[in-house]
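Okay, protein.cif is below, mmCIF, C-alpha atoms and all ligand atoms:
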```
data_coords
loop_
_atom_site.label_atom_id
_atom_site.label_comp_id
_atom_site.auth_asym_id
_atom_site.auth_seq_id
_atom_site.Cartn_x
_atom_site.Cartn_y
_atom_site.Cartn_z
CA MET A 1 1.78 -20.58 11.86
CA ARG A 2 1.48 -23.99 10.19
CA LEU A 3 3.55 -22.63 7.32
CA ALA A 4 6.24 -21.38 9.71
CA LEU A 5 6.42 -24.78 11.41
CA ALA A 6 6.67 -26.55 8.07
CA ARG A 7 9.51 -24.27 7.02
CA TYR A 8 11.22 -24.84 10.33
CA ALA A 9 10.97 -28.63 9.95
CA GLN A 10 12.23 -28.36 6.38
CA LEU A 11 15.27 -26.37 7.50
CA ALA A 12 16.02 -28.79 10.32
CA ARG A 13 15.75 -31.75 7.93
CA ARG A 14 18.03 -30.14 5.38
CA LEU A 15 20.71 -29.29 7.90
CA ILE A 16 20.71 -32.57 9.78
CA PRO A 17 20.45 -35.99 8.11
CA LEU A 18 17.88 -38.05 9.96
CA SER A 19 19.22 -41.57 9.94
CA PRO A 20 21.88 -43.54 8.06
CA ASP A 21 19.36 -44.87 5.56
CA GLY A 22 17.41 -41.62 5.36
CA ARG A 23 14.19 -43.12 6.69
CA THR A 24 12.02 -41.32 9.18
CA ALA A 25 10.85 -43.71 11.85
CA VAL A 26 8.63 -41.54 14.00
CA HIS A 27 7.79 -42.70 17.52
CA GLU A 28 9.59 -46.05 17.23
CA TRP A 29 11.65 -45.31 20.31
CA GLN A 30 9.04 -43.56 22.40
CA GLU A 31 8.51 -46.47 24.72
CA CYS A 32 12.26 -46.86 25.19
CA GLY A 33 13.02 -44.89 28.33
CA GLU A 34 16.66 -45.79 28.35
CA LEU A 35 19.14 -42.97 27.71
CA ILE A 36 22.11 -45.00 28.92
CA ALA A 37 21.80 -47.89 26.46
CA ARG A 38 20.83 -45.49 23.69
CA PRO A 39 22.34 -42.09 24.57
CA PRO A 40 21.44 -38.92 22.67
CA SER A 41 22.47 -39.46 19.04
CA ASP A 42 24.56 -37.00 17.04
CA GLY A 43 21.41 -35.76 15.30
CA GLU A 44 19.49 -35.29 18.54
CA VAL A 45 22.40 -33.42 20.14
CA HIS A 46 22.86 -31.29 17.05
CA TYR A 47 19.17 -30.39 16.90
CA VAL A 48 18.91 -29.45 20.58
CA TRP A 49 22.19 -27.53 20.45
CA SER A 50 21.56 -25.74 17.16
CA PHE A 51 17.85 -25.04 17.46
CA LEU A 52 16.24 -25.45 20.84
CA LEU A 53 18.99 -23.95 22.97
CA TRP A 54 19.55 -20.97 20.72
CA GLY A 55 16.23 -19.23 20.61
CA SER A 56 13.86 -21.69 18.96
CA VAL A 57 12.01 -22.46 22.19
CA MET A 58 11.03 -18.80 22.25
CA ASP A 59 9.56 -19.01 18.74
CA PRO A 60 5.76 -18.70 19.13
CA GLY A 61 5.05 -21.65 16.80
CA ILE A 62 7.47 -23.93 18.64
CA ARG A 63 6.16 -22.82 22.02
CA ARG A 64 2.61 -23.56 20.87
CA GLN A 65 3.55 -27.06 19.76
CA LEU A 66 5.41 -27.68 23.02
CA ARG A 67 2.32 -26.60 24.93
CA LYS A 68 0.05 -28.82 22.90
CA GLY A 69 2.35 -31.81 23.35
CA TRP A 70 3.11 -31.15 27.05
CA GLY A 71 6.74 -30.77 26.05
CA LEU A 72 8.48 -33.55 24.17
CA CYS A 73 8.17 -37.35 24.26
CA GLU A 74 9.82 -39.14 27.15
CA ARG A 75 13.13 -39.71 25.40
CA HIS A 76 13.41 -36.23 23.92
CA ALA A 77 12.23 -34.38 27.03
CA TRP A 78 15.20 -35.79 28.94
CA THR A 79 17.47 -35.37 25.91
CA LEU A 80 16.67 -31.65 25.90
CA LEU A 81 17.46 -31.29 29.60
CA SER A 82 20.55 -33.50 29.40
CA VAL A 83 22.04 -31.65 26.44
CA GLU A 84 21.28 -28.29 28.00
CA ALA A 85 22.81 -29.42 31.32
CA ALA A 86 25.90 -30.59 29.42
CA PHE A 87 26.46 -27.11 28.00
CA ARG A 88 24.97 -24.94 30.75
CA PRO A 89 25.25 -26.92 33.99
CA HIS A 90 24.33 -23.93 36.17
CA PHE A 91 22.02 -22.18 33.77
CA PRO A 92 19.45 -24.50 32.10
CA HIS A 93 17.54 -21.47 30.98
CA ALA A 94 15.68 -22.82 27.93
CA SER A 95 14.36 -25.93 29.71
CA THR A 96 13.33 -23.93 32.77
CA LEU A 97 11.30 -21.45 30.73
CA VAL A 98 9.56 -24.24 28.83
CA TYR A 99 8.62 -26.11 32.02
CA GLN A 100 7.63 -23.01 33.95
CA ASP A 101 5.10 -22.39 31.20
CA LEU A 102 3.89 -26.01 31.07
CA MET A 103 3.51 -26.40 34.83
CA GLU A 104 1.57 -23.13 35.10
CA ARG A 105 -0.78 -24.52 32.48
CA ALA A 106 -1.06 -27.79 34.34
CA TRP A 107 -1.90 -25.92 37.54
CA GLN A 108 -4.56 -23.92 35.70
CA ALA A 109 -6.09 -27.23 34.58
CA PHE A 110 -6.38 -28.40 38.19
CA ARG A 111 -8.06 -25.14 39.17
CA LEU A 112 -11.06 -25.90 36.98
CA VAL A 113 -14.31 -25.74 38.93
CA GLY A 114 -17.68 -27.33 38.37
CA PRO A 115 -18.94 -30.85 37.74
CA LEU A 116 -16.96 -33.74 36.21
CA LYS A 117 -13.75 -32.05 37.27
CA GLY A 118 -11.64 -35.21 36.99
CA GLU A 119 -12.77 -35.85 33.45
CA ARG A 120 -12.21 -32.25 32.43
CA VAL A 121 -8.71 -32.24 33.91
CA ARG A 122 -7.99 -35.48 32.10
CA HIS A 123 -9.12 -33.82 28.90
CA ALA A 124 -6.98 -30.72 29.55
CA LEU A 125 -3.89 -32.87 30.17
CA ARG A 126 -4.11 -34.77 26.89
CA GLU A 127 -1.52 -34.34 24.13
CA ARG A 128 -2.80 -32.41 21.15
CA ALA A 129 0.45 -32.40 19.16
CA PRO A 130 3.28 -34.90 18.65
CA CYS A 131 6.79 -34.43 19.97
CA ILE A 132 8.58 -31.88 17.77
CA MET A 133 11.77 -33.94 17.54
CA CYS A 134 9.91 -37.16 16.71
CA SER A 135 7.81 -35.41 14.11
CA ILE A 136 10.93 -34.13 12.36
CA GLY A 137 12.34 -37.64 12.55
CA TYR A 138 15.04 -37.60 15.21
CA GLY A 139 15.87 -40.77 17.07
CA PRO A 140 18.71 -42.78 18.59
CA GLU A 141 20.30 -43.38 15.17
CA SER A 142 20.13 -39.85 13.75
CA ARG A 143 23.29 -38.34 12.38
CA GLY A 144 24.43 -34.80 13.13
CA THR A 145 26.97 -32.49 11.59
CA ALA A 146 28.01 -30.36 14.54
CA SER A 147 31.68 -30.40 15.47
CA PRO A 148 32.95 -33.59 17.16
CA GLY A 149 33.60 -31.61 20.34
CA VAL A 150 30.02 -30.34 20.53
CA LEU A 151 28.58 -33.81 19.83
CA GLU A 152 30.77 -35.45 22.46
CA GLN A 153 29.94 -32.87 25.11
CA GLY A 154 26.24 -32.92 24.25
CA ARG A 155 25.74 -36.67 24.50
CA ASP A 156 27.44 -36.88 27.90
CA VAL A 157 24.71 -37.36 30.53
CA THR A 158 27.10 -36.76 33.46
CA SER A 159 25.96 -33.22 34.01
CA LEU A 160 22.28 -34.17 34.24
CA ARG A 161 23.21 -37.03 36.58
CA ARG A 162 25.08 -34.63 38.88
CA PHE A 163 22.18 -32.19 38.82
CA ALA A 164 19.76 -35.00 39.69
CA GLU A 165 21.95 -36.46 42.43
CA ALA A 166 22.43 -33.05 44.08
CA THR A 167 18.68 -32.41 44.23
CA ARG A 168 17.38 -35.95 44.72
CA PRO A 169 15.65 -35.54 48.13
CA TRP A 170 13.33 -32.94 46.59
CA TRP A 171 12.39 -34.63 43.34
CA GLU A 172 12.25 -38.23 44.56
CA PRO A 173 8.78 -37.92 46.18
CA ALA A 174 7.44 -36.75 42.78
CA VAL A 175 8.56 -39.91 40.95
CA CYS A 176 5.64 -41.75 39.34
CA GLY A 177 5.06 -45.17 40.88
CA ILE A 178 4.16 -46.70 37.52
CA CYS A 179 7.16 -45.27 35.63
CA SER A 180 9.46 -46.44 38.45
CA GLU A 181 7.54 -49.66 39.24
CA SER A 182 8.02 -48.69 42.89
CA GLY A 183 4.46 -48.70 44.22
CA ASN A 184 4.71 -44.99 44.95
CA PRO A 185 1.15 -43.55 44.74
CA THR A 186 2.37 -40.47 42.84
CA ARG A 187 1.62 -40.34 39.11
CA CYS A 188 3.11 -38.53 36.13
CA ARG A 189 0.72 -36.73 33.78
CA ARG A 190 0.34 -39.67 31.39
CA HIS A 191 -0.31 -42.25 34.08
CA LEU A 192 -2.57 -39.87 35.98
CA ARG A 193 -4.69 -39.52 32.85
CA GLN A 194 -4.96 -43.29 32.60
CA GLU A 195 -6.15 -43.53 36.19
CA LEU A 196 -8.58 -40.64 35.88
CA ALA A 197 -10.17 -42.44 32.95
CA GLY A 198 -11.40 -45.10 35.35
CA ASN A 199 -11.88 -43.17 38.56
CA ALA A 200 -12.20 -39.39 38.41
CA GLY A 201 -11.84 -37.38 41.62
CA GLY A 202 -10.96 -38.60 45.08
CA ARG A 203 -7.92 -38.29 47.28
CA ARG A 204 -5.40 -39.15 44.58
CA PHE A 205 -6.76 -36.39 42.40
CA GLU A 206 -6.25 -33.84 45.18
CA ASP A 207 -2.72 -35.10 45.80
CA ALA A 208 -1.96 -34.78 42.10
CA GLY A 209 -3.15 -31.17 42.14
CA ASN A 210 -1.00 -30.37 45.17
CA LEU A 211 2.04 -31.91 43.50
CA VAL A 212 1.49 -29.86 40.36
CA TRP A 213 1.09 -26.70 42.42
CA ARG A 214 4.36 -27.36 44.30
CA ILE A 215 6.32 -28.12 41.14
CA SER A 216 4.92 -25.07 39.40
CA ALA A 217 5.74 -22.75 42.32
CA HIS A 218 9.32 -23.98 42.65
CA VAL A 219 10.15 -24.12 38.96
CA SER A 220 8.87 -20.52 38.72
CA ARG A 221 11.23 -19.53 41.52
CA PHE A 222 14.07 -21.24 39.67
CA ALA A 223 13.16 -19.33 36.48
CA ARG A 224 13.03 -16.10 38.44
CA SER A 225 16.53 -16.68 39.79
CA PHE A 226 17.87 -16.25 36.24
CA ARG A 227 16.94 -12.59 36.44
CA TRP A 228 19.79 -10.38 37.57
CA GLU A 229 17.94 -8.91 40.57
CA PHE A 230 17.07 -12.42 41.87
CA ARG A 231 20.38 -14.14 41.10
CA GLY A 232 21.37 -16.66 43.75
CA SER A 233 17.86 -16.80 45.23
CA ASP A 234 17.16 -20.37 44.03
CA THR A 235 17.29 -23.33 46.42
CA ASP A 236 17.95 -27.04 45.80
CA GLU A 237 14.19 -27.55 46.00
CA ASP A 238 13.66 -24.96 43.25
CA ARG A 239 16.26 -26.63 41.01
CA ALA A 240 14.79 -30.08 41.73
CA ALA A 241 11.44 -28.81 40.47
CA LEU A 242 12.85 -28.70 36.94
CA ILE A 243 13.55 -32.45 37.20
CA SER A 244 10.08 -33.04 38.67
CA ALA A 245 8.47 -30.97 35.90
CA VAL A 246 10.12 -32.97 33.12
CA GLY A 247 9.22 -36.26 34.85
CA TRP A 248 5.64 -35.17 35.50
CA CYS A 249 5.03 -34.01 31.93
CA SER A 250 6.76 -36.82 30.01
CA GLY A 251 7.65 -39.75 32.30
CA TRP A 252 10.58 -40.70 34.51
CA ARG A 253 12.33 -43.73 33.01
CA PRO A 254 15.28 -42.04 31.24
CA LEU A 255 16.16 -40.01 34.34
CA LEU A 256 15.93 -43.07 36.58
CA SER A 257 18.17 -45.04 34.22
CA ILE A 258 20.77 -42.25 34.36
CA VAL A 259 20.72 -42.08 38.16
CA GLU A 260 20.86 -45.88 38.49
CA SER A 261 23.82 -46.09 36.10
CA GLY A 262 25.70 -43.68 38.37
CA GLN A 263 24.99 -45.90 41.38
CA ARG A 264 26.20 -48.97 39.45
CA GLU A 265 29.42 -47.22 38.46
CA ARG A 266 30.08 -46.20 42.07
CA GLY A 267 29.30 -49.76 43.22
CA LYS A 268 31.90 -51.15 40.80
CA ALA A 269 34.46 -48.59 41.93
CA ASP A 270 33.91 -49.56 45.60
CA THR A 271 34.47 -53.31 45.02
ZN ZN A 301 10.31 -37.38 20.60
ZN ZN A 302 4.38 -42.42 34.99
#
```
Just give me the structure as structure tokens.
Amino acid sequence: MRLALARYAQLARRLIPLSPDGRTAVHEWQECGELIARPPSDGEVHYVWSFLLWGSVMDPGIRRQLRKGWGLCERHAWTLLSVEAAFRPHFPHASTLVYQDLMERAWQAFRLVGPLKGERVRHALRERAPCIMCSIGYGPESRGTASPGVLEQGRDVTSLRRFAEATRPWWEPAVCGICSESGNPTRCRRHLRQELAGNAGGRRFEDAGNLVWRISAHVSRFARSFRWEFRGSDTDEDRAALISAVGWCSGWRPLLSIVESGQRERGKADT
């Protein structure tokens, strides 16, 4: 498996130059939640378009790394969804399958029984692998060699913004209060882990489990609606669960910056 992943990374590196000076600066941008100031680069779009959206997320080695890392880092988790939404606005199939799997695993973690439950959940929710895209070396400066039309369409966040705006009432209660600096008591996975480190159990822990259960149930319904016999059965709440799942696993800042930029643009247009 390790060999397959190494070959995969080698192929991705050969096809797509990493940065103008060829350096690999892993994780430099991970704390930068902003996809508006630094939109998906040509390399990031090319990678998602060429690899993740066309079968790679079904590769067992890739799926295993995604599970271990709870998806991708904050920037790349939203890059994946944004690029997929740009090409498949009504059918974000790859992202939905990835997050259906991750949220089921998260829900299993909360169903642990026995003593020290909070600490054991905290342990289960840790990252055991780095972000695939960061580990290959993709970042805001990466170059890509897809056609100009593909790159332009892929870096456009409008489709994700529309998707988020249409489903906002259902994902907004799931926004992490620390990511959003809003005071909301809800927490994403990373911030929940930080809090559980100091205070395992309690009301907040139960609320976190209920949130994970709701997201998991609705994102599963959304995934099911891609099957022919269930087509059209998904609701806005089911679609919103995909947004909530990405935010819960990786953090909310890029999505919030995209939604806020839309509000700013509308504000300018109104004045
Ligand atoms: Zn990353
Ligand atoms: Zn958070």
Quiz item: How many Å lie between CA of Val48 in chain A and CA of Ser82 in chain A, rounded to one decimal?
Solution: 9.8 Å
If you count all atoms listed in the file, which residues end up within 9 Å of ligand ZN 302 (chain A), as a PDB file with C-alpha atoms, in the frame of the given file?
```pdb
ATOM      1  CA  VAL A 175       8.560 -39.910  40.950  1.00  0.00           C
ATOM      2  CA  CYS A 176       5.640 -41.750  39.340  1.00  0.00           C
ATOM      3  CA  GLY A 177       5.060 -45.170  40.880  1.00  0.00           C
ATOM      4  CA  ILE A 178       4.160 -46.700  37.520  1.00  0.00           C
ATOM      5  CA  CYS A 179       7.160 -45.270  35.630  1.00  0.00           C
ATOM      6  CA  SER A 180       9.460 -46.440  38.450  1.00  0.00           C
ATOM      7  CA  GLU A 181       7.540 -49.660  39.240  1.00  0.00           C
ATOM      8  CA  THR A 186       2.370 -40.470  42.840  1.00  0.00           C
ATOM      9  CA  ARG A 187       1.620 -40.340  39.110  1.00  0.00           C
ATOM     10  CA  CYS A 188       3.110 -38.530  36.130  1.00  0.00           C
ATOM     11  CA  ARG A 189       0.720 -36.730  33.780  1.00  0.00           C
ATOM     12  CA  ARG A 190       0.340 -39.670  31.390  1.00  0.00           C
ATOM     13  CA  HIS A 191      -0.310 -42.250  34.080  1.00  0.00           C
ATOM     14  CA  LEU A 192      -2.570 -39.870  35.980  1.00  0.00           C
ATOM     15  CA  GLY A 247       9.220 -36.260  34.850  1.00  0.00           C
ATOM     16  CA  TRP A 248       5.640 -35.170  35.500  1.00  0.00           C
ATOM     17  CA  CYS A 249       5.030 -34.010  31.930  1.00  0.00           C
ATOM     18  CA  SER A 250       6.760 -36.820  30.010  1.00  0.00           C
ATOM     19  CA  GLY A 251       7.650 -39.750  32.300  1.00  0.00           C
ATOM     20  CA  TRP A 252      10.580 -40.700  34.510  1.00  0.00           C
ATOM     21  CA  ARG A 253      12.330 -43.730  33.010  1.00  0.00           C
TER      22      ARG A 253
END
```
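Interatomic distance, CA of Arg239 in chain A to CA of Met103 in chain A: 14.2 Å.
Taking CA of Glu237 in chain A as the reference point, CA of Arg266 in chain A is found at 24.8 Å.
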List every residue of chain A that has an atom at most 6 Å from any atom of ligand ZN 301 (chain A), and for each one report the closest atom pair and its distance in Å to one decimal, counting all atoms listed in the file, with rows sorted by chain and then by increasing residue number, as CSV.
```
residue,atom,partner,partner_atom,distance
A:Leu72,CA,A:ZN301,ZN,5.5
A:Cys73,CA,A:ZN301,ZN,4.2
A:His76,CA,A:ZN301,ZN,4.7
A:Cys131,CA,A:ZN301,ZN,4.6
A:Met133,CA,A:ZN301,ZN,4.8
A:Cys134,CA,A:ZN301,ZN,3.9
```
Exercise. Using all atoms listed in the file, determine which residues lie at most 12 Å from range 107-118 of chain A, disregarding the query and same-chain residues fewer than 6 positions distant; provide the list as an MDAnalysis selection string.
Key: chainID A and resid 99:101 124:126 189 192:217 245
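Distances here use only C-alpha atoms; by that measure, the residue among A:Ser142, A:Thr158, A:Thr79, A:Ser50 closest to Leu35 in chain A is A:Thr79.
Nearest residue to Leu256 in chain A among A:Arg168, A:Arg64, A:His46, A:Arg105 is A:Arg168, counting all atoms listed in the file.
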Quiz item: Once you count all atoms listed in the file, which residues end up no further than 12 Å from (26.5, -25.8, 30.8) in the file's frame, shown as an NGL selection string?
Solution: :A and (49 or 53 or 81-94 or 150 or 153-154 or 156-160 or 163)
Identify, on the basis of all atoms listed in the file, every residue whose closest approach to Arg67 in chain A does not exceed 9 Å; exclude the query and any residue fewer than 6 positions from it along the same chain; express the result as a tab-separated table (two decimals) with C-alpha atoms, in the coordinates of the input.
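selection.tsv was written with the following content:
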```tsv
chain	number	residue	atom	x	y	z
A	98	VAL	CA	9.56	-24.24	28.83
A	101	ASP	CA	5.10	-22.39	31.20
A	102	LEU	CA	3.89	-26.01	31.07
A	105	ARG	CA	-0.78	-24.52	32.48
A	127	GLU	CA	-1.52	-34.34	24.13
A	128	ARG	CA	-2.80	-32.41	21.15
A	129	ALA	CA	0.45	-32.40	19.16
```
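For the residues A:Arg162, A:Arg143, A:Arg63, A:Arg38, ranking by smallest atom-to-atom distance to Val259 in chain A using all atoms listed in the file places A:Arg162 first.
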Exercise. May I have the residues within 8 Å of Gln65 in chain A as a PyMOL selection string, using all atoms listed in the file and disregarding those fewer than 6 positions away in the same chain?
Key: chain A and resi 71+129-130+132
Quiz prompt | Shortest interatomic distance to Ala174 in chain A - which of A:Val121, A:Leu80, A:Ala241, A:Leu151, counting all atoms listed in the file | solution = A:Ala241
Quiz item: For Pro148 in chain A, which residue out of A:Gly232, A:Pro254, A:Gly69, A:Gly43 is the nearest one, using only C-alpha atoms?
Solution: A:Gly43
Quiz prompt | Nearest-residue call for Asp42 in chain A, choices A:Trp170, A:Trp228, A:Tyr138, A:Phe222, using all atoms listed in the file | solution = A:Tyr138
Mind giving me the axis-aligned box for range 222-232 of chain A with 4 Å on every side, centre plus edges in Å to one decimal, as AutoDock Vina command-line options?
```
--center_x 17.2 --center_y -15.1 --center_z 40.0 --size_x 16.3 --size_y 20.3 --size_z 15.5
```
Self-check item: Residue list as JSON, numbers by chain for point (25.3, -45.2, 38.8), cut-off 12 Å, all atoms listed in the file
Solution: {"A": [36, 157, 158, 161, 162, 164, 165, 255, 256, 257, 258, 259, 260, 261, 262, 263, 264, 265, 266, 267, 268, 269, 270]}
